[in-house]
Every structure is written in structure tokens, then in C-alpha cells.
>>> print(open('final_31.cif').read())   # mmCIF, C-alpha atoms and all ligand atoms
data_run
#
loop_
_atom_site.label_atom_id
_atom_site.label_comp_id
_atom_site.auth_asym_id
_atom_site.auth_seq_id
_atom_site.Cartn_x
_atom_site.Cartn_y
_atom_site.Cartn_z
CA MET A 21 -28.08 3.41 -3.44
CA ILE A 22 -24.58 3.46 -4.99
CA ARG A 23 -23.19 0.08 -6.01
CA VAL A 24 -19.42 0.03 -5.72
CA GLY A 25 -17.66 -2.64 -7.77
CA ILE A 26 -14.27 -3.65 -6.40
CA ILE A 27 -11.74 -5.52 -8.51
CA GLY A 28 -9.99 -7.77 -5.99
CA GLY A 29 -11.32 -9.36 -2.82
CA GLY A 30 -8.34 -9.13 -0.46
CA GLN A 31 -8.09 -7.48 2.94
CA LEU A 32 -8.11 -3.97 1.46
CA GLY A 33 -11.48 -4.65 -0.14
CA MET A 34 -12.67 -6.27 3.08
CA MET A 35 -11.75 -3.25 5.22
CA THR A 36 -13.27 -0.87 2.66
CA ILE A 37 -16.58 -2.71 2.95
CA GLU A 38 -16.30 -2.74 6.76
CA ALA A 39 -15.95 1.07 6.69
CA LYS A 40 -19.47 1.72 5.40
CA PHE A 41 -21.51 3.97 7.65
CA PRO A 42 -25.28 4.33 8.05
CA SER A 43 -25.77 7.67 6.29
CA LEU A 44 -23.98 6.48 3.13
CA PRO A 45 -26.29 4.32 1.01
CA VAL A 46 -23.78 1.93 -0.55
CA GLU A 47 -23.58 -1.71 -1.61
CA PHE A 48 -20.60 -3.74 -2.75
CA VAL A 49 -19.94 -6.13 -5.59
CA THR A 50 -16.59 -7.92 -5.47
CA LEU A 51 -14.67 -9.69 -8.24
CA GLU A 52 -12.13 -12.29 -7.16
CA GLN A 53 -10.95 -15.68 -8.35
CA SER A 54 -12.36 -17.61 -5.44
CA ALA A 55 -15.13 -16.95 -2.90
CA ASP A 56 -12.63 -18.07 -0.31
CA CYS A 57 -11.22 -14.54 -0.01
CA PRO A 58 -11.44 -11.88 2.76
CA ALA A 59 -14.02 -9.60 1.08
CA ALA A 60 -16.46 -12.16 -0.33
CA PRO A 61 -18.42 -13.02 2.85
CA ILE A 62 -19.31 -9.36 3.51
CA SER A 63 -20.00 -8.31 -0.12
CA ASN A 64 -23.60 -7.80 -1.26
CA GLN A 65 -22.73 -9.63 -4.46
CA PHE A 66 -19.73 -11.76 -5.33
CA ILE A 67 -18.51 -12.50 -8.85
CA ALA A 68 -16.03 -15.35 -9.23
CA GLY A 69 -13.64 -14.50 -12.03
CA SER A 70 -10.19 -13.40 -13.08
CA LEU A 71 -8.86 -9.90 -12.37
CA LYS A 72 -7.14 -10.12 -15.74
CA SER A 73 -10.22 -11.08 -17.77
CA GLU A 74 -12.03 -8.35 -19.73
CA THR A 75 -15.22 -10.43 -19.70
CA ASP A 76 -15.19 -10.80 -15.92
CA ILE A 77 -14.38 -7.12 -15.35
CA ARG A 78 -17.28 -6.23 -17.69
CA THR A 79 -19.63 -8.43 -15.65
CA LEU A 80 -18.53 -6.53 -12.53
CA ALA A 81 -18.93 -3.17 -14.32
CA GLU A 82 -22.50 -4.03 -15.35
CA ALA A 83 -23.39 -4.81 -11.73
CA SER A 84 -21.94 -1.54 -10.35
CA ASP A 85 -22.35 2.24 -10.58
CA VAL A 86 -18.71 3.02 -9.83
CA LEU A 87 -15.73 0.76 -10.39
CA THR A 88 -12.48 0.68 -8.41
CA TRP A 89 -9.70 -1.75 -7.50
CA GLU A 90 -7.83 -2.84 -4.39
CA ILE A 91 -4.86 -4.38 -6.23
CA GLU A 92 -2.81 -3.05 -9.17
CA HIS A 93 -2.19 -6.24 -11.10
CA ILE A 94 -5.38 -6.24 -13.13
CA ASN A 95 -6.46 -5.79 -16.75
CA VAL A 96 -5.97 -2.06 -17.31
CA GLU A 97 -6.81 -2.23 -21.04
CA ALA A 98 -10.32 -3.42 -20.12
CA LEU A 99 -10.69 -0.43 -17.80
CA VAL A 100 -9.53 2.00 -20.48
CA LYS A 101 -12.22 0.62 -22.84
CA LEU A 102 -14.92 0.79 -20.17
CA GLU A 103 -14.01 4.38 -19.34
CA LYS A 104 -14.33 5.32 -23.02
CA GLU A 105 -17.78 3.73 -22.98
CA GLY A 106 -18.77 6.08 -20.15
CA LYS A 107 -18.23 3.95 -17.04
CA THR A 108 -17.22 5.82 -13.88
CA ILE A 109 -13.89 4.40 -12.74
CA ILE A 110 -12.05 5.83 -9.72
CA PRO A 111 -9.10 6.32 -9.86
CA LYS A 112 -8.89 6.85 -13.63
CA PRO A 113 -7.37 3.91 -15.54
CA SER A 114 -4.58 6.25 -16.71
CA VAL A 115 -3.35 6.24 -13.08
CA LEU A 116 -2.95 2.49 -13.22
CA GLN A 117 -1.12 2.74 -16.56
CA THR A 118 1.42 5.05 -14.88
CA ILE A 119 1.78 3.03 -11.70
CA GLN A 120 1.54 -0.62 -12.82
CA ASP A 121 4.99 -0.41 -14.38
CA LYS A 122 7.61 0.82 -11.89
CA GLY A 123 9.72 2.08 -14.82
CA ILE A 124 6.93 4.29 -16.17
CA GLN A 125 6.21 5.46 -12.62
CA LYS A 126 9.84 6.58 -12.18
CA GLN A 127 9.68 8.42 -15.55
CA PHE A 128 6.49 10.12 -14.35
CA PHE A 129 8.34 11.36 -11.25
CA GLN A 130 11.17 12.61 -13.44
CA GLN A 131 8.84 14.41 -15.88
CA HIS A 132 7.11 16.23 -13.05
CA ASN A 133 10.29 17.11 -11.13
CA ILE A 134 9.24 14.93 -8.22
CA PRO A 135 12.42 14.03 -6.31
CA THR A 136 13.16 10.28 -6.43
CA ALA A 137 16.20 7.97 -6.17
CA PRO A 138 18.37 7.96 -9.34
CA PHE A 139 17.50 5.03 -11.63
CA ALA A 140 18.02 3.26 -14.93
CA LEU A 141 15.78 0.94 -16.94
CA CYS A 142 17.16 -2.07 -18.78
CA ASP A 143 16.82 -5.77 -19.48
CA ALA A 144 18.29 -7.98 -16.77
CA ARG A 145 20.80 -9.34 -19.34
CA GLU A 146 22.17 -5.84 -19.94
CA ILE A 147 23.57 -5.33 -16.44
CA THR A 148 27.26 -4.51 -16.70
CA GLU A 149 29.91 -3.22 -14.34
CA ALA A 150 29.93 0.09 -16.25
CA LEU A 151 26.16 0.51 -15.75
CA LEU A 152 26.39 -0.29 -12.04
CA SER A 153 29.31 2.09 -11.57
CA GLN A 154 26.95 4.99 -12.36
CA PHE A 155 25.33 4.38 -8.97
CA PRO A 156 27.05 5.37 -5.73
CA GLY A 157 28.11 2.90 -3.02
CA ASP A 158 28.49 -0.88 -2.97
CA GLN A 159 24.81 -1.71 -3.03
CA ILE A 160 22.18 -1.55 -5.73
CA VAL A 161 18.42 -2.02 -5.70
CA ILE A 162 16.88 -4.11 -8.46
CA LYS A 163 13.13 -4.20 -9.00
CA THR A 164 10.95 -6.05 -11.48
CA ARG A 165 9.01 -3.43 -13.43
CA LYS A 166 5.70 -5.26 -13.30
CA GLY A 167 3.90 -7.62 -10.97
CA GLY A 168 5.87 -7.02 -7.74
CA TYR A 169 4.10 -6.43 -4.42
CA ASP A 170 4.83 -6.65 -0.70
CA GLY A 171 8.59 -6.63 -1.32
CA LYS A 172 8.38 -9.50 -3.82
CA GLY A 173 10.15 -8.23 -6.90
CA VAL A 174 12.60 -6.10 -4.89
CA ALA A 175 16.22 -7.19 -4.30
CA ILE A 176 18.85 -5.19 -2.44
CA LEU A 177 22.21 -6.60 -3.53
CA THR A 178 25.88 -5.76 -3.57
CA LYS A 179 27.00 -4.79 -7.06
CA ALA A 180 29.16 -7.93 -7.15
CA GLU A 181 26.12 -10.09 -6.39
CA ALA A 182 24.08 -8.32 -9.05
CA LEU A 183 26.73 -9.13 -11.65
CA ARG A 184 27.04 -12.74 -10.52
CA ASN A 185 23.49 -13.84 -9.97
CA LEU A 186 20.45 -11.69 -10.60
CA PRO A 187 17.18 -12.93 -9.04
CA PHE A 188 15.04 -11.50 -11.89
CA THR A 189 14.84 -11.78 -15.66
CA GLY A 190 13.28 -9.42 -18.23
CA GLU A 191 12.68 -5.68 -17.90
CA ILE A 192 14.01 -4.30 -14.64
CA LEU A 193 14.47 -1.05 -12.76
CA LEU A 194 17.89 -0.33 -11.27
CA GLU A 195 17.76 2.12 -8.41
CA SER A 196 20.32 3.83 -6.24
CA PHE A 197 20.35 2.28 -2.76
CA VAL A 198 19.21 4.94 -0.28
CA PRO A 199 21.29 4.30 2.87
CA ASN A 200 19.90 4.83 6.37
CA ALA A 201 16.71 6.36 5.07
CA LEU A 202 13.75 7.01 7.28
CA GLU A 203 10.75 5.55 5.48
CA ILE A 204 7.64 7.70 5.58
CA ALA A 205 4.21 7.40 4.00
CA VAL A 206 1.41 9.89 3.54
CA ILE A 207 -2.12 9.00 2.58
CA VAL A 208 -3.77 11.50 0.26
CA ALA A 209 -7.42 11.60 -0.76
CA ILE A 210 -8.61 13.55 -3.81
CA ALA A 211 -12.38 13.93 -3.99
CA GLN A 212 -14.37 13.98 -7.22
CA ASP A 213 -14.74 17.78 -6.88
CA GLY A 214 -10.95 18.14 -6.58
CA SER A 215 -10.86 18.87 -2.84
CA HIS A 216 -8.21 16.97 -0.89
CA ALA A 217 -7.30 15.56 2.52
CA VAL A 218 -3.75 14.67 3.57
CA TYR A 219 -3.11 12.39 6.55
CA PRO A 220 -0.32 13.03 9.09
CA ALA A 221 3.01 11.43 8.08
CA ILE A 222 3.58 7.81 9.05
CA GLU A 223 6.96 6.40 10.09
CA MET A 224 7.46 2.87 8.73
CA TYR A 225 9.82 -0.01 9.51
CA PHE A 226 10.42 -2.87 7.09
CA ASN A 227 11.63 -6.42 7.56
CA PRO A 228 15.15 -6.41 6.10
CA LYS A 229 14.77 -9.93 4.67
CA SER A 230 11.31 -9.72 3.13
CA ASN A 231 11.23 -5.91 2.49
CA LEU A 232 7.70 -6.10 3.89
CA VAL A 233 6.38 -3.40 6.22
CA GLU A 234 6.46 -4.75 9.77
CA PHE A 235 5.67 -1.86 12.04
CA LEU A 236 4.59 1.77 11.68
CA PHE A 237 3.27 4.65 13.69
CA SER A 238 1.97 8.18 13.39
CA PRO A 239 2.80 10.95 14.13
CA ALA A 240 6.29 10.50 12.68
CA ARG A 241 9.26 11.76 14.70
CA ILE A 242 10.01 14.68 12.36
CA SER A 243 9.93 18.46 12.73
CA PRO A 244 6.71 20.35 11.89
CA GLU A 245 8.54 21.88 8.92
CA LEU A 246 9.51 18.47 7.51
CA GLU A 247 5.98 17.24 8.13
CA ARG A 248 4.63 20.13 6.05
CA ASN A 249 7.17 19.53 3.28
CA ILE A 250 6.48 15.79 3.16
CA GLN A 251 2.74 16.37 3.04
CA ALA A 252 3.27 18.93 0.26
CA VAL A 253 5.39 16.50 -1.81
CA GLY A 254 2.81 13.73 -1.27
CA LEU A 255 -0.04 15.97 -2.37
CA GLN A 256 1.94 17.37 -5.30
CA CYS A 257 2.69 13.98 -6.83
CA VAL A 258 -0.84 12.70 -6.38
CA GLN A 259 -2.29 15.84 -7.93
CA LYS A 260 -0.08 15.30 -10.99
CA LEU A 261 -1.94 12.03 -11.57
CA ASN A 262 -4.97 14.17 -12.30
CA SER A 263 -7.58 11.84 -10.84
CA PRO A 264 -9.81 11.40 -7.82
CA GLY A 265 -8.89 8.52 -5.54
CA LEU A 266 -7.27 7.46 -2.31
CA PHE A 267 -3.51 7.16 -2.60
CA ALA A 268 -0.54 6.25 -0.43
CA VAL A 269 2.76 7.93 -1.22
CA GLU A 270 5.83 6.11 0.12
CA LEU A 271 8.90 8.30 0.59
CA PHE A 272 12.47 8.12 1.79
CA LEU A 273 13.84 10.82 4.06
CA THR A 274 17.52 10.58 3.17
CA GLU A 275 20.51 11.06 5.47
CA ASN A 276 20.72 14.63 4.12
CA GLN A 277 17.06 15.21 5.00
CA GLU A 278 16.04 15.14 1.34
CA ILE A 279 12.58 13.85 0.49
CA TRP A 280 12.61 11.23 -2.29
CA VAL A 281 9.39 9.60 -3.45
CA ASN A 282 9.66 5.81 -3.66
CA GLU A 283 6.27 4.89 -5.05
CA ILE A 284 2.57 5.66 -5.11
CA ALA A 285 -0.11 3.09 -4.35
CA PRO A 286 -3.42 4.05 -6.04
CA ARG A 287 -5.66 2.50 -3.35
CA PRO A 288 -5.90 2.10 0.42
CA HIS A 289 -2.56 0.87 1.70
CA ASN A 290 -0.96 -1.08 4.52
CA SER A 291 0.67 2.14 5.71
CA GLY A 292 -2.78 3.53 6.57
CA HIS A 293 -4.24 0.67 8.59
CA HIS A 294 -3.72 2.50 11.89
CA THR A 295 -6.20 5.15 10.65
CA ILE A 296 -9.14 2.81 11.45
CA GLU A 297 -8.79 3.45 15.17
CA GLY A 298 -6.21 6.26 15.08
CA CYS A 299 -7.87 8.93 12.91
CA HIS A 300 -11.24 10.66 12.85
CA CYS A 301 -11.88 9.36 9.34
CA SER A 302 -10.05 6.15 8.37
CA GLN A 303 -8.41 5.70 4.97
CA PHE A 304 -11.15 3.19 4.12
CA GLU A 305 -14.03 5.51 5.02
CA GLN A 306 -12.26 8.28 3.10
CA PHE A 307 -11.97 6.00 0.07
CA LEU A 308 -15.71 5.31 0.24
CA ARG A 309 -16.41 9.03 0.48
CA VAL A 310 -14.34 9.61 -2.66
CA LEU A 311 -16.07 6.77 -4.54
CA CYS A 312 -19.55 7.96 -3.59
CA GLY A 313 -18.95 11.69 -4.04
CA ALA A 314 -19.53 12.43 -0.33
CA PRO A 315 -17.61 15.27 1.39
CA LEU A 316 -14.17 14.24 2.65
CA GLY A 317 -13.75 13.39 6.34
CA ASP A 318 -11.23 14.69 8.88
CA PRO A 319 -7.87 12.91 8.40
CA SER A 320 -6.31 14.10 11.66
CA LEU A 321 -5.15 11.74 14.40
CA ILE A 322 -7.35 11.18 17.45
CA GLN A 323 -4.24 10.06 19.31
CA PRO A 324 -0.83 8.53 18.49
CA SER A 325 -1.31 5.12 16.90
CA ALA A 326 0.86 2.26 15.72
CA MET A 327 0.30 -0.79 13.53
CA ILE A 328 2.00 -4.15 13.61
CA ASN A 329 1.53 -6.54 10.69
CA ILE A 330 0.66 -10.11 11.59
CA VAL A 331 2.42 -12.22 8.96
CA GLY A 332 2.83 -15.95 8.47
CA PRO A 333 5.98 -17.22 10.22
CA ASP A 334 8.51 -19.44 8.41
CA ASN A 335 7.71 -22.52 10.46
CA VAL A 336 3.90 -22.75 10.19
CA SER A 337 1.83 -23.63 7.12
CA GLY A 338 -1.86 -24.42 6.63
CA ASP A 339 -4.40 -24.07 9.46
CA TYR A 340 -3.39 -21.45 12.04
CA GLN A 341 -4.54 -19.19 14.83
CA LEU A 342 -3.35 -16.10 16.65
CA ALA A 343 -2.23 -17.00 20.15
CA ASN A 344 -3.35 -14.78 23.06
CA GLU A 345 -5.90 -12.70 21.11
CA THR A 346 -8.28 -12.20 24.04
CA LYS A 347 -5.48 -11.27 26.41
CA LEU A 348 -3.98 -8.83 23.91
CA THR A 349 -7.15 -6.83 23.44
CA GLN A 350 -8.51 -6.86 27.00
CA ASP A 351 -7.26 -3.38 27.96
CA GLY A 352 -9.03 -1.66 25.07
CA ASP A 353 -5.89 -0.07 23.58
CA VAL A 354 -5.10 -2.90 21.12
CA PHE A 355 -7.32 -3.77 18.14
CA VAL A 356 -6.76 -6.95 16.19
CA HIS A 357 -7.92 -7.30 12.59
CA MET A 358 -7.60 -10.77 11.10
CA TYR A 359 -8.21 -11.10 7.36
CA ARG A 360 -10.06 -14.45 7.26
CA LYS A 361 -7.38 -16.10 5.16
CA ALA A 362 -7.89 -19.84 5.24
CA GLU A 363 -4.22 -20.81 5.36
CA THR A 364 -0.94 -19.32 6.49
CA ARG A 365 2.24 -19.23 4.40
CA PRO A 366 5.61 -17.70 5.24
CA ASN A 367 5.36 -13.89 4.96
CA ARG A 368 1.68 -13.94 4.06
CA LYS A 369 -0.20 -10.98 5.55
CA LEU A 370 -2.79 -12.57 7.85
CA GLY A 371 -3.88 -9.55 9.84
CA HIS A 372 -2.70 -6.52 11.77
CA ALA A 373 -2.90 -5.06 15.24
CA THR A 374 -3.34 -1.37 15.98
CA VAL A 375 -2.17 0.12 19.27
CA ILE A 376 -3.25 3.53 20.56
CA ALA A 377 -1.84 5.57 23.44
CA PRO A 378 -2.08 9.15 24.74
CA THR A 379 1.59 9.95 24.00
CA LEU A 380 4.10 8.79 21.41
CA GLU A 381 6.47 7.62 24.13
CA ALA A 382 3.80 5.44 25.75
CA LEU A 383 2.73 4.20 22.33
CA LEU A 384 6.19 2.98 21.32
CA GLU A 385 6.64 1.19 24.63
CA ARG A 386 3.23 -0.50 24.47
CA ALA A 387 3.63 -1.40 20.77
CA GLU A 388 6.97 -3.07 21.50
CA ALA A 389 5.33 -5.24 24.16
CA VAL A 390 2.41 -6.11 21.85
CA LYS A 391 4.83 -6.99 19.02
CA ASN A 392 6.42 -9.64 21.20
CA GLN A 393 3.06 -11.19 22.04
CA LEU A 394 1.68 -11.52 18.51
CA GLU A 395 2.26 -15.12 17.58
CA ILE A 396 0.80 -17.24 14.80
CA VAL A 397 0.65 -20.90 15.79
CA ALA A 398 -0.58 -24.03 14.05
CA LYS A 399 -4.18 -25.03 14.84
P1 LIG B 1 6.88 -2.96 -3.10
O1 LIG B 1 6.21 -2.33 -4.29
O2 LIG B 1 6.98 -4.44 -3.20
O3 LIG B 1 6.33 -2.47 -1.79
P2 LIG B 1 9.08 -1.07 -2.82
O4 LIG B 1 9.66 -0.45 -4.03
O5 LIG B 1 8.18 -0.21 -1.99
O6 LIG B 1 8.38 -2.45 -3.20
O7 LIG B 1 10.26 -1.60 -1.89
C1 LIG B 1 9.99 -2.30 -0.69
C2 LIG B 1 10.99 -1.87 0.37
O8 LIG B 1 12.34 -2.15 -0.07
C3 LIG B 1 11.02 -0.37 0.65
O9 LIG B 1 10.01 0.05 1.49
C4 LIG B 1 12.41 -0.24 1.29
O10 LIG B 1 12.43 -0.75 2.61
C5 LIG B 1 13.23 -1.14 0.40
N1 LIG B 1 13.74 -0.34 -0.74
C6 LIG B 1 13.15 -0.18 -1.94
N2 LIG B 1 13.85 0.66 -2.74
C7 LIG B 1 14.93 1.05 -2.02
C8 LIG B 1 16.05 1.92 -2.27
N3 LIG B 1 16.21 2.52 -3.43
N4 LIG B 1 16.98 2.08 -1.27
C9 LIG B 1 16.82 1.46 -0.07
N5 LIG B 1 15.81 0.63 0.22
C10 LIG B 1 14.87 0.42 -0.72
#
>>> encode(input="final_31.cif", output="C-alpha cells")
Amino acid sequence: MIRVGIIGGGQLGMMTIEAKFPSLPVEFVTLEQSADCPAAPISNQFIAGSLKSETDIRTLAEASDVLTWEIEHINVEALVKLEKEGKTIIPKPSVLQTIQDKGIQKQFFQQHNIPTAPFALCDAREITEALLSQFPGDQIVIKTRKGGYDGKGVAILTKAEALRNLPFTGEILLESFVPNALEIAVIVAIAQDGSHAVYPAIEMYFNPKSNLVEFLFSPARISPELERNIQAVGLQCVQKLNSPGLFAVELFLTENQEIWVNEIAPRPHNSGHHTIEGCHCSQFEQFLRVLCGAPLGDPSLIQPSAMINIVGPDNVSGDYQLANETKLTQDGDVFVHMYRKAETRPNRKLGHATVIAPTLEALLERAEAVKNQLEIVAK
């Protein structure tokens, strides 16, 4: 029996636990602040504690054979110490040190000649017209270096707005605005023996206000050559991290058909949720295979699949329910995953729906109809 310790008890942990299969002897220990989290009810053991506390992470480590995380904003120094003491941690803590800080991540891309949008690092107080003029166009992207997630910590502003009123303080990343980019993700698994599996490219659409992924599907509408190149770039940058793990690489396909890496997530990712029903081996099962040293599964698509995020609307707070759930799923081509979150808040990820169809054309049509029927209402 392998005991997997997961730092974080959100929906990614929950879906990882749900992916266990009978021939893999595995149990789960979860660390999260409160037992009122998605993963706790299905964990074999739950530890209430802080993701930032060395003591609490040590308690989790003692209860598990292999340690991992489902969220980046955790105590990486504690993981570095535990690794030195011989604990198996996947991915390696060094991966988190590179990725936790978006500035260091961009420098990592630069050092390894991984194409990425031009950038500068500075303190928010140091923004000047001269600095902004180094970037093309009227718009500029400003990101907090640490602690951002789900579009929080990302602002797309005109240069005039950035000079007048910056939404962030402290260390920031300035990035060239990539206009009219197609946003693509690839999920890459690296096994403990170094073998790899790369999932088909995913085309993603974001909410322009929240910068949160709203809708995605795979296969992406790109040529086979671009697909190969994107998969190669995704694999290349993950391999440079030099660690086993399950990673999502988010990329921009620019107007000139250049591939620029935006960021790497060192864990299962929202961009891979469609793989549960859409692929032979889901990103979550693949993650478990990596953690337990089992052979990697087949990442290919069974059929075209799309995912729609179910997020908290602006006008509902507290107790909630999804309207029409039974009607939505009755034809067998729509799968709803709700994350057991007790309360809704604006833009909070509450669940997702996956749609499958025999052709991409049919998929996009069906997904559009499903999108319009997904409604969170007060209970
Ligand atoms: P997070 O880590 O919160 O997911 P990202 O850096 O991935 O933040 O940014 C979220 C979204 O904001 C991106 O998927 C994209 O839609 C938009 N965005 C981020 N950087 C840029 C950029 N340089 N140019 C254009 N859009 C961007």
C-alpha cells in the first residue's frame, strides 16, 4: 500500500483521489486548513493544519510514503528540508522554487531559451513611462510575482492606467500584452523512470474580466505540424525542470503563429479536466501513476471533449445549487462534477461540466447549448 500525502484539499486533490483504480494499492492523507474542503470526505486520513506550517507539513510527511501538492502557495522551505532528510517528494521542491515566483519562472524560460513574452521585473513603485515604452502597443500586463492564482494577481491595463493607478504593490512582473493570441495548454507527465506522456493540445477561452478559464476543448483547431511543435515545446520546458510530476504548460499562439510559453503549473490543472471522460487515461490517473511509480497510461483522446467551468455568479452568495443538473446529464454526453464547496462567491470555481461528441463540430455546438443551461442559483 502506498500512502500519498497531498498538501491542499481542494478540487484537484479531490479528483486525484477519485481517480484511484482497483489494481493500484493507494491511500490518501490530506492536509488542509478545514475539514470542510472538497478532498477531506474522501481521504483515508485528514490532517487539519496550515499549508504554510512546517510542523503541519511534517505531520503529513510522517503519515505518507510520497508527498505532493495540489496548490503552489505552500511552505517550500519545509519541503526542501524534508527532501534533504530523504523524503520522496514529487515533483521535486526545486520545481516549486522555480514556479512559485512568476519572476523566477520567466528567468527560467529565458535561461533555457524557451520562447515567452518579453518581460521586466521591478517594484510597483518603479513603473515609469520610459520603462513602459520598452513594450509594444498601448496595453501592458502586470502580474504579482507571488501568490496569484485563477487570474487574481493579473491585470491587463493600458499604459496610461498603469501609470495612474496600479492595482498591485511590491515586486511585480511586467509583461508584453500578447494581442489576439490563441491560448493553448498541454498536459505533460514525467514518470519516475523518466518516461513521458504528452496530452493532445487544448484550446482555452478565458473570461476577459476575471482572466479565469471559462471554456476549453481538445483537439485544438491547429495544424498537425503546430500540434507537434506545441507538444515539443511543452515537453521541452517540463523536462528542463528535471523532475517527475504531472504538469500543465499554458502557451500563447501569437498572431504570427509563434509559440510563447505563459506559465507551467506543477500539478493537475483546470485545463485538463476534460481528460476524465475525454481521454483513455485522465490527468488525475496519470498523476497517481507518476506518484506510485506505475507505468504511464495512454493520454490520447477517446473522442473530442470540451469543459465548461461552473463558477459563482456575481449575484449569488452563500448556499447554492446547480439548476437543471438532471436534465443536463440525461443524454449521457454531459458529465457534471461539483466540488462540494459549502458556499458560492463571485468567480469561485464550484464545479465543471465535460461534454463529449463524435466530431469537433458537433462538440462545439452541443457545448454552446450546455453553457447556456449551466446556472448557479441560490438554495
Ligand atoms: P494565473 O496564474 O492567475 O492563471 P496567468 O498568467 O495564466 O495567471 O494569466 C491569466 C490569463 O490572463 C491568461 O490565461 C490570459 O488570458 C491573460 N494573460 C496573461 N498574460 C497575458 C499576456 N502577456 N498577454 C495577453 N493576455 C495575458
>>> closest_atom_pairs(input="final_31.cif", of="chain A", to="ligand LIG 1 (chain B)", cutoff="8 Å", atoms="all atoms listed in the file", output="Markdown table")
| residue | atom | partner | partner_atom | distance |
| --- | --- | --- | --- | --- |
| A:Ala137 | CA | B:LIG1 | N3 | 6.1 |
| A:Ile160 | CA | B:LIG1 | N3 | 7.6 |
| A:Val161 | CA | B:LIG1 | N3 | 5.5 |
| A:Lys163 | CA | B:LIG1 | O4 | 7.1 |
| A:Gly168 | CA | B:LIG1 | O2 | 5.3 |
| A:Tyr169 | CA | B:LIG1 | O2 | 3.7 |
| A:Asp170 | CA | B:LIG1 | O2 | 4.0 |
| A:Gly171 | CA | B:LIG1 | O2 | 3.3 |
| A:Lys172 | CA | B:LIG1 | O2 | 5.3 |
| A:Gly173 | CA | B:LIG1 | O2 | 6.2 |
| A:Val174 | CA | B:LIG1 | O6 | 5.8 |
| A:Ala175 | CA | B:LIG1 | O8 | 7.6 |
| A:Ile176 | CA | B:LIG1 | N5 | 7.1 |
| A:Glu195 | CA | B:LIG1 | N3 | 5.2 |
| A:Ser196 | CA | B:LIG1 | N3 | 5.1 |
| A:Phe197 | CA | B:LIG1 | N4 | 3.7 |
| A:Val198 | CA | B:LIG1 | N4 | 3.8 |
| A:Pro199 | CA | B:LIG1 | C9 | 6.1 |
| A:Asn200 | CA | B:LIG1 | C9 | 7.9 |
| A:Ala201 | CA | B:LIG1 | C9 | 7.1 |
| A:Glu203 | CA | B:LIG1 | O9 | 6.8 |
| A:Tyr225 | CA | B:LIG1 | O10 | 7.4 |
| A:Phe226 | CA | B:LIG1 | O10 | 5.3 |
| A:Asn227 | CA | B:LIG1 | O10 | 7.6 |
| A:Pro228 | CA | B:LIG1 | O10 | 7.2 |
| A:Asn231 | CA | B:LIG1 | C2 | 4.6 |
| A:Leu232 | CA | B:LIG1 | C1 | 6.4 |
| A:Val233 | CA | B:LIG1 | O9 | 6.9 |
| A:Glu270 | CA | B:LIG1 | O5 | 7.1 |
| A:Asn282 | CA | B:LIG1 | O4 | 6.3 |
| A:Glu283 | CA | B:LIG1 | O5 | 6.2 |
>>> residues_around(input="final_31.cif", residues="Ser320 (chain A)", least_positions_apart="2", cutoff="10 Å", atoms="all atoms listed in the file", output="compact mmCIF listing (two decimals) with C-alpha atoms, in the frame of the given file")
# COMPACT_ATOMS: atom_id res chain seq x y z
CA ALA A 217 -7.30 15.56 2.52
CA VAL A 218 -3.75 14.67 3.57
CA TYR A 219 -3.11 12.39 6.55
CA PRO A 220 -0.32 13.03 9.09
CA PRO A 239 2.80 10.95 14.13
CA THR A 295 -6.20 5.15 10.65
CA GLY A 298 -6.21 6.26 15.08
CA CYS A 299 -7.87 8.93 12.91
CA HIS A 300 -11.24 10.66 12.85
CA CYS A 301 -11.88 9.36 9.34
CA SER A 302 -10.05 6.15 8.37
CA GLY A 317 -13.75 13.39 6.34
CA ASP A 318 -11.23 14.69 8.88
CA ILE A 322 -7.35 11.18 17.45
CA GLN A 323 -4.24 10.06 19.31
>>> atom_distance(input="final_31.cif", atom1="CA of Ser114 (chain A)", atom2="CA of Ile204 (chain A)")
25.5 Å
>>> residues_around(input="final_31.cif", residues="Ile26 (chain A)", least_positions_apart="5", cutoff="7 Å", atoms="all atoms listed in the file", output="list in words")
Gly33, Val49, Thr50, Leu51, Leu87, Thr88, Trp89 and Glu90 of chain A
>>> write_last_selection(input="final_31.cif", atoms="C-alpha atoms", output="tab-separated table (two decimals), in the frame of the given file")
chain	number	residue	atom	x	y	z
A	33	GLY	CA	-11.48	-4.65	-0.14
A	49	VAL	CA	-19.94	-6.13	-5.59
A	50	THR	CA	-16.59	-7.92	-5.47
A	51	LEU	CA	-14.67	-9.69	-8.24
A	87	LEU	CA	-15.73	0.76	-10.39
A	88	THR	CA	-12.48	0.68	-8.41
A	89	TRP	CA	-9.70	-1.75	-7.50
A	90	GLU	CA	-7.83	-2.84	-4.39
>>> atom_distance(input="final_31.cif", atom1="CA of Arg248 (chain A)", atom2="CA of Ala221 (chain A)")
9.1 Å
>>> atom_distance(input="final_31.cif", atom1="CA of Ala209 (chain A)", atom2="CA of Lys101 (chain A)")
25.1 Å
>>> residues_around(input="final_31.cif", residues="Ser70 (chain A)", least_positions_apart="5", cutoff="7 Å", atoms="all atoms listed in the file", output="ChimeraX atom specification")
/A:52-53,76
>>> closest_residue(input="final_31.cif", among="A:Ala182, A:Val375, A:Ile330, A:Leu321", to="Thr349 (chain A)", atoms="all atoms listed in the file")
A:Val375
>>> closest_residue(input="final_31.cif", among="A:Ala180, A:Val100, A:Met327, A:Ile210", to="Ile296 (chain A)", atoms="only C-alpha atoms")
A:Met327
>>> residues_near_point(input="final_31.cif", point="(-23.8, -7.2, 4.2)", cutoff="9 Å", atoms="all atoms listed in the file", output="PyMOL selection string")
chain A and resi 37+47-48+61-64
>>> decode(input="final_31.cif", residues="region 352-359 of chain A", atoms="N, CA, C and O atoms", output="CSV table (one decimal), in the first residue's frame")
chain,number,residue,atom,x,y,z
A,352,GLY,N,-26.4,11.4,-21.5
A,352,GLY,CA,-25.1,10.7,-21.4
A,352,GLY,C,-23.9,11.3,-22.0
A,352,GLY,O,-22.8,10.7,-22.1
A,353,ASP,N,-24.0,12.5,-22.6
A,353,ASP,CA,-22.9,13.1,-23.2
A,353,ASP,C,-22.4,14.3,-22.4
A,353,ASP,O,-21.4,15.0,-22.8
A,354,VAL,N,-23.0,14.6,-21.3
A,354,VAL,CA,-22.6,15.7,-20.4
A,354,VAL,C,-22.3,15.1,-19.0
A,354,VAL,O,-23.1,14.3,-18.5
A,355,PHE,N,-21.2,15.5,-18.4
A,355,PHE,CA,-20.8,14.9,-17.1
A,355,PHE,C,-20.5,16.1,-16.2
A,355,PHE,O,-19.7,17.0,-16.5
A,356,VAL,N,-21.3,16.2,-15.1
A,356,VAL,CA,-21.1,17.3,-14.2
A,356,VAL,C,-20.3,16.9,-13.0
A,356,VAL,O,-20.6,15.8,-12.4
A,357,HIS,N,-19.3,17.7,-12.6
A,357,HIS,CA,-18.5,17.4,-11.4
A,357,HIS,C,-18.7,18.7,-10.5
A,357,HIS,O,-18.2,19.8,-10.9
A,358,MET,N,-19.3,18.5,-9.4
A,358,MET,CA,-19.4,19.6,-8.4
A,358,MET,C,-18.4,19.3,-7.3
A,358,MET,O,-18.1,18.2,-7.0
A,359,TYR,N,-17.8,20.4,-6.8
A,359,TYR,CA,-16.6,20.3,-5.9
A,359,TYR,C,-17.0,20.3,-4.4
A,359,TYR,O,-16.1,20.5,-3.6
